[in-house]
Amino acid sequence: MNAAFYVSGAVAVLTTAMAITRRNAVHALLYLVVSLLAVSLVFFTLGAPLAAALEAIVYAGAIMVLFVFVIMMLNPGSGSGKGEPILGNWRIWIGPSILTAVLAAELIYLVSRNGTGSAGGSEVIPVQVGSALLGPYMLGVELASMLLLAALVAANHLGRRGLPEEQGGGEEGGI
Amino acid sequence: MAEVPVEHGLILAAILFALGLTGVLVRRNLLFILLSLEVMINAAGVAFITAGSRWAQPDGQILFLFILAVAAAEVSIGLALVLLFHRSRKSLSVDDAIGMRG
Amino acid sequence: MLSLLWLVPAIPLAGFAALALLGNFRLPRAVTPIVGAGSVGLSALLTVLIGAQYLASPPAGSAYTQTVWNWMAAGGLTLAVAFRLDALSLTMIFVVTFVGFLIHLYSAEHMARDEGYNRFFAYMNLFVAAMLVLVLADNLLLLYLGWEGVGLCSYLLIGFWYREEANGRAARKAFLVTRVGDAALAVGMFLIFVQLGTWNIQDLMPRAAAQWTAGSAVALLAAALLLAGALGKSAQLPLQVWLPDAMAGPTPVSALIHAATMVTAGVYLIARMHVLFSLAPAVMLAAAVIGAATLLLAGLSALVQRDIKRVLAYSTMSQVGYMFLALGAGAWSAAIFHFWTHAFFKALLFLGAGVVIQSLDEEHDIFRMGGLRKTQPLTFWTFLIGACSLSALPLLTAGFYSKDKILWDVWSSPAGGPVLWAAGLAGAFLTSLYIFRVVFRVFFGAPFAKTQESSPPNQPGIRVRIPLLVLAVFSIGAGFVELPEALGNMPAFSDFLSTTLPALTVMAAAPGSEVFLEIDAAAAVLFGMLLAYVFFLRRPGLSDRMARTPAGNAIHRFWSAGWGFDWLYETVIVHPYVRLAARNKNDVFDRLVDRLVTRPYTWLARISRGDFFDRIFSWIADLNAGISRALGALQSGYVRWYAAGIAAGAIILIAMAVLQ
């Protein structure tokens, strides 16, 4: 089973690297979807089946689909297809590479300094998660729902075309 | 289930986070920046799951749930803003959003 | 009453202060002459009262000294501001205040239309105060203070109408020429102090008599220096060039300063220091010779002048020459007697001339006047009385008695002699000649311009008439205080003065010689008047034809130019000095000062412009600007830049955790 973890981990890293260096948005998206699925597998090997499922369903299934919709709407084919010379232009990679390398080095150093124990020994089944959600984390759940409601309203408002008066006569902005 | 040292899981999270950050700093297209942000959020989630799995507690997964909710909310609003940005400027380059120049 | 002596100079001084401080802005125009003339009038009244008390009950030793305050006590020198009243100073202050008051009264009307009305009276009051200090001074330093004061006022009043450049030049000339004399006087004073140890006049004279032998070098030197000072102030040879030009001032100024008082300051000085002069016979001889030469030179110059005031100026020079002649011969009281009468008739002549000038719209040329006898009767009669007194008309006028006394004393004094007497006699002839030339030209004959006939000039007001009348009375009567032996033998004046001035020791003379001399003098005077009548009234063309011959023309120009002294001084002294000064504009001292002082200073100023502290402060400002620019660059507006910033911040924070 350990091998599954390391292989999925490697896949996730590789596909993420591919995802951020594509010119075509759709290509990047697809790479990212694969990465997310690999991460989901990582979760599974660590004994978190619910998280694995949610990762695949919500993250890869909903959020990425949202990206696909927007890309379709904006049709940035002409924009991002040719505009940015990413891999060719090494100059723009220097600063960010240094920053992120330093950050990664620091994090890895911190982590390995305080290494304790092993993960993934036992599985945490969804029943435990659900009981905890409806128990101690009840408030968090309510707050999360509020957040989602706010995001819904905001997205609806922001996504309108023009002002309410411009949108014909009596049509109210409905949900 | 696999018996993996905690460090390795967290190192995976760190690497994914660094990659996401690189993407934010390098890309000019707004969509790609948002994409990279998602990668960073996902990496944080990996860290939480790893920690929860270490202690065999459901807390890690619960926090991952919350992170998911936040990511979803952020993505929806963010994409709506991208739409508005594209409508007013006809461009998705973040270098056009230079109004805060001081 | 005698204790009020200090008020006599103080009141005019207060008048000066009031006019100077309150003048143009506070005092209405009508009040100015009340303050100006009133202060001198008060002094005159006080002088009369003091004099009456002095004559009635003379103080001990015939002198009264009032110390006003202790001036200085330094080392061996103790001086006080002290006034001494004796016969000599009483005579002087009476003349100064009385004649001064009449002239101030006259000026109230004569200067009424002048814009500097208030300034005029202020200066005149200051002059009177300084002159009174001069004659009342108990010590030489206080006398010198008054001496300088009258010199200053003379400068201010000659250049009174300062907007004309010529007036300023005349004032400067007067000041500079008298300055030569003043310097000599100062050196003489220092010599006296070094030798005798005091400046108190009454102390130093006995000491001089005790310590110095007659004719010794130090006595001669001191006396010569004092004489030089007197020559400058009294406009005698060789320092006489300033007086004719001083007529540029207003007529009352000429009357008061350059006729009655200041020019006689030298006479007073010599009379006051007579002990010193008695110890230096050579200097006295020099004074007599200078006096004689001046009176002849000035008389001849007065004969050819056209400006009526210049005639009177030369006349003053000549009459003061008589006084010096008398002093040089040892006839102290004769000189003071002549001063006494001269003050009255000369002031009268000047005031009359002022009326004439003003009535003809500032016409000074006597050849452009005529016939004023009919249009200005009062002025004519008073001027005539003054002229008769000046020319010493026998028996009737004051001038006769004083001039006669001088001639007699010069003849009979051991220090005098026939030669000097002859000079005096010739001078008397010249005097009547030139003054009656003026009388006949101005008041007789046909009026010069048509305008004089058609519009008769304004008659002078009461403030002018009173001084003219009073001075005319004195010009006649002031001589009766001293009658010579042959005519009544009443030497009241010289007896009065004998308490201060020693009487002349006369040689034994033949009994009838005094009468003989008087007849000679009278003959000279009358001959002069006759000649003037012939030349200037009967046949006016005769003198013109004489003047137009080549010799006559040359002589005329020579005398008219004051015997060439102006030209001489100009060529020998003034021009070389001015050339030297102009050439030395960039001289050695100039360059030295430039190198030693100016250049280092400017160098220092230049390097201090970017100096150490300056640099620190500008560095701070530049630092701030630089930081501001740098921080401004951080806000580039690029989102990725901001994101990088956040990442960098995170890195730093984590690094802090790492390093713990």
# chains A, B, ... in the order shown; residues from 1 in each chain; ligands from 1
$ interface_residues --of "chain C" --to "chain B" --cutoff "9 Å" --atoms "only C-alpha atoms" --output "list in words"
Gly632, Ala633, Leu634, Gln635, Ser636, Gly637, Tyr638, Val639, Arg640, Trp641, Ala643, Ala644 and Ala647 of chain C
$ residues_around --residues "Pro540 (chain C)" --least-positions-apart "5" --cutoff "12 Å" --atoms "only C-alpha atoms" --output "PyMOL selection string"
chain C and resi 367+437+440-441+444-446+531-535+545-547
$ residues_around --residues "region 151-158 of chain A" --least-positions-apart "2" --cutoff "7 Å" --atoms "only C-alpha atoms" --output "list in words"
Leu147, Leu148, Leu149 and Arg160 of chain A; Ala73, Ser76, Ile77, Ala80 and Leu81 of chain B
$ closest_atom_pairs --of "chain C" --to "chain A" --cutoff "7 Å" --atoms "only C-alpha atoms" --output "CSV"
residue,atom,partner,partner_atom,distance
C:Ala648,CA,A:Leu99,CA,6.8
C:Ile651,CA,A:Leu103,CA,5.6
C:Ala655,CA,A:Glu106,CA,6.9
C:Val658,CA,A:Leu110,CA,6.4
$ write_last_selection --atoms "C-alpha atoms" --output "short mmCIF file (atom, residue, chain, number, x, y, z; two decimals), in the first residue's frame"
data_model
loop_
_atom_site.label_atom_id
_atom_site.label_comp_id
_atom_site.auth_asym_id
_atom_site.auth_seq_id
_atom_site.Cartn_x
_atom_site.Cartn_y
_atom_site.Cartn_z
CA ALA C 648 8.02 36.76 0.61
CA ILE C 651 8.73 33.09 3.90
CA ALA C 655 11.96 31.63 8.68
CA VAL C 658 12.55 27.98 11.68
#
$ residues_around --residues "Ala43 (chain B)" --least-positions-apart "5" --cutoff "7 Å" --atoms "only C-alpha atoms" --output "list in words"
Ala13, Leu16 and Phe17 of chain B
$ write_last_selection --atoms "N, CA and C atoms" --output "PDB file, in the first residue's frame"
ATOM      1  N   ALA B  13       2.363  17.824   0.600  1.00  0.00           N
ATOM      2  CA  ALA B  13       1.559  19.042   0.686  1.00  0.00           C
ATOM      3  C   ALA B  13       2.395  20.270   0.388  1.00  0.00           C
ATOM      4  N   LEU B  16       3.175  20.508  -3.366  1.00  0.00           N
ATOM      5  CA  LEU B  16       2.012  20.944  -4.125  1.00  0.00           C
ATOM      6  C   LEU B  16       1.737  22.427  -3.902  1.00  0.00           C
ATOM      7  N   PHE B  17       1.900  22.881  -2.661  1.00  0.00           N
ATOM      8  CA  PHE B  17       1.685  24.301  -2.346  1.00  0.00           C
ATOM      9  C   PHE B  17       2.677  25.167  -3.099  1.00  0.00           C
TER      10      PHE B  17
END
$ select_by_dssp --residues "chain B" --states "strand (DSSP E or B)" --output "ChimeraX atom specification"
/B:4-5,29,93
$ residues_around --residues "region 84-101 of chain C" --least-positions-apart "4" --cutoff "6 Å" --atoms "only C-alpha atoms" --output "list in words"
Val40, Gly41, Ala44, Ala63, Tyr64, Thr65, Val135, Leu136, Asp138 and Leu497 of chain C
$ write_last_selection --atoms "C-alpha atoms" --output "PDB file, in the first residue's frame"
ATOM      1  CA  VAL C  40      16.178 134.405  22.838  1.00  0.00           C
ATOM      2  CA  GLY C  41      14.058 137.284  24.065  1.00  0.00           C
ATOM      3  CA  ALA C  44      17.963 138.905  26.617  1.00  0.00           C
ATOM      4  CA  ALA C  63      33.394 138.046  38.695  1.00  0.00           C
ATOM      5  CA  TYR C  64      30.755 135.468  39.421  1.00  0.00           C
ATOM      6  CA  THR C  65      31.249 131.807  38.605  1.00  0.00           C
ATOM      7  CA  VAL C 135      31.503 133.308  25.864  1.00  0.00           C
ATOM      8  CA  LEU C 136      30.416 132.189  29.310  1.00  0.00           C
ATOM      9  CA  ASP C 138      34.975 128.984  32.450  1.00  0.00           C
ATOM     10  CA  LEU C 497      36.138 146.388  31.195  1.00  0.00           C
TER      11      LEU C 497
END
$ interface_residues --of "chain B" --to "chain A" --cutoff "6 Å" --atoms "only C-alpha atoms" --output "ChimeraX atom specification"
/B:1-7,11,14,18,22-23,25,53-54,58,61,73,77,80
$ write_last_selection --atoms "N, CA and C atoms" --output "PDB file, in the first residue's frame"
ATOM      1  N   MET B   1      -4.604  -0.065   4.641  1.00  0.00           N
ATOM      2  CA  MET B   1      -4.098   1.322   4.651  1.00  0.00           C
ATOM      3  C   MET B   1      -2.579   1.321   4.724  1.00  0.00           C
ATOM      4  N   ALA B   2      -2.015   2.361   4.202  1.00  0.00           N
ATOM      5  CA  ALA B   2      -0.557   2.421   4.165  1.00  0.00           C
ATOM      6  C   ALA B   2       0.005   3.078   5.417  1.00  0.00           C
ATOM      7  N   GLU B   3       1.076   2.589   5.825  1.00  0.00           N
ATOM      8  CA  GLU B   3       1.741   3.190   6.988  1.00  0.00           C
ATOM      9  C   GLU B   3       2.833   4.129   6.468  1.00  0.00           C
ATOM     10  N   VAL B   4       2.474   5.371   6.350  1.00  0.00           N
ATOM     11  CA  VAL B   4       3.436   6.313   5.765  1.00  0.00           C
ATOM     12  C   VAL B   4       3.888   7.286   6.843  1.00  0.00           C
ATOM     13  N   PRO B   5       5.144   7.618   6.861  1.00  0.00           N
ATOM     14  CA  PRO B   5       5.565   8.646   7.845  1.00  0.00           C
ATOM     15  C   PRO B   5       4.837   9.970   7.569  1.00  0.00           C
ATOM     16  N   VAL B   6       4.499  10.630   8.624  1.00  0.00           N
ATOM     17  CA  VAL B   6       3.778  11.907   8.523  1.00  0.00           C
ATOM     18  C   VAL B   6       4.543  12.909   7.664  1.00  0.00           C
ATOM     19  N   GLU B   7       5.866  12.858   7.840  1.00  0.00           N
ATOM     20  CA  GLU B   7       6.679  13.854   7.098  1.00  0.00           C
ATOM     21  C   GLU B   7       6.444  13.754   5.620  1.00  0.00           C
ATOM     22  N   ILE B  11       5.320  16.698   3.302  1.00  0.00           N
ATOM     23  CA  ILE B  11       6.223  17.156   2.240  1.00  0.00           C
ATOM     24  C   ILE B  11       5.481  17.184   0.919  1.00  0.00           C
ATOM     25  N   ALA B  14       3.608  20.306   0.925  1.00  0.00           N
ATOM     26  CA  ALA B  14       4.472  21.468   0.707  1.00  0.00           C
ATOM     27  C   ALA B  14       4.825  21.606  -0.757  1.00  0.00           C
ATOM     28  N   ALA B  18       3.943  24.748  -3.117  1.00  0.00           N
ATOM     29  CA  ALA B  18       4.962  25.529  -3.814  1.00  0.00           C
ATOM     30  C   ALA B  18       4.646  25.610  -5.291  1.00  0.00           C
ATOM     31  N   THR B  22       3.990  28.989  -7.437  1.00  0.00           N
ATOM     32  CA  THR B  22       4.716  29.330  -8.662  1.00  0.00           C
ATOM     33  C   THR B  22       3.763  29.683  -9.785  1.00  0.00           C
ATOM     34  N   GLY B  23       2.719  28.901  -9.876  1.00  0.00           N
ATOM     35  CA  GLY B  23       1.753  29.208 -10.905  1.00  0.00           C
ATOM     36  C   GLY B  23       1.122  30.565 -10.735  1.00  0.00           C
ATOM     37  N   LEU B  25       2.473  33.172  -9.349  1.00  0.00           N
ATOM     38  CA  LEU B  25       3.421  34.261  -9.613  1.00  0.00           C
ATOM     39  C   LEU B  25       3.812  34.349 -11.075  1.00  0.00           C
ATOM     40  N   SER B  53      -5.099  11.857   9.784  1.00  0.00           N
ATOM     41  CA  SER B  53      -4.805  10.426   9.682  1.00  0.00           C
ATOM     42  C   SER B  53      -3.730  10.004  10.682  1.00  0.00           C
ATOM     43  N   ARG B  54      -2.902  10.890  11.004  1.00  0.00           N
ATOM     44  CA  ARG B  54      -1.847  10.577  11.987  1.00  0.00           C
ATOM     45  C   ARG B  54      -2.469  10.244  13.330  1.00  0.00           C
ATOM     46  N   PRO B  58     -11.374  12.174  13.206  1.00  0.00           N
ATOM     47  CA  PRO B  58     -12.113  12.709  12.068  1.00  0.00           C
ATOM     48  C   PRO B  58     -11.898  14.209  11.852  1.00  0.00           C
ATOM     49  N   GLN B  61     -10.532  15.410   8.453  1.00  0.00           N
ATOM     50  CA  GLN B  61     -11.469  15.364   7.321  1.00  0.00           C
ATOM     51  C   GLN B  61     -12.521  16.446   7.440  1.00  0.00           C
ATOM     52  N   ALA B  73     -16.901  28.427  -2.565  1.00  0.00           N
ATOM     53  CA  ALA B  73     -17.408  29.792  -2.515  1.00  0.00           C
ATOM     54  C   ALA B  73     -16.426  30.742  -3.210  1.00  0.00           C
ATOM     55  N   ILE B  77     -17.286  33.049  -6.680  1.00  0.00           N
ATOM     56  CA  ILE B  77     -17.192  34.509  -6.699  1.00  0.00           C
ATOM     57  C   ILE B  77     -16.034  34.953  -7.574  1.00  0.00           C
ATOM     58  N   ALA B  80     -16.979  34.817 -11.141  1.00  0.00           N
ATOM     59  CA  ALA B  80     -17.891  35.911 -11.472  1.00  0.00           C
ATOM     60  C   ALA B  80     -17.114  37.205 -11.669  1.00  0.00           C
TER      61      ALA B  80
END
$ atom_distance --atom1 "CA of Leu21 (chain C)" --atom2 "CA of Ala246 (chain C)"
27.3 Å
$ atom_distance --atom1 "CA of Glu518 (chain C)" --atom2 "CA of Gly330 (chain C)"
19.9 Å
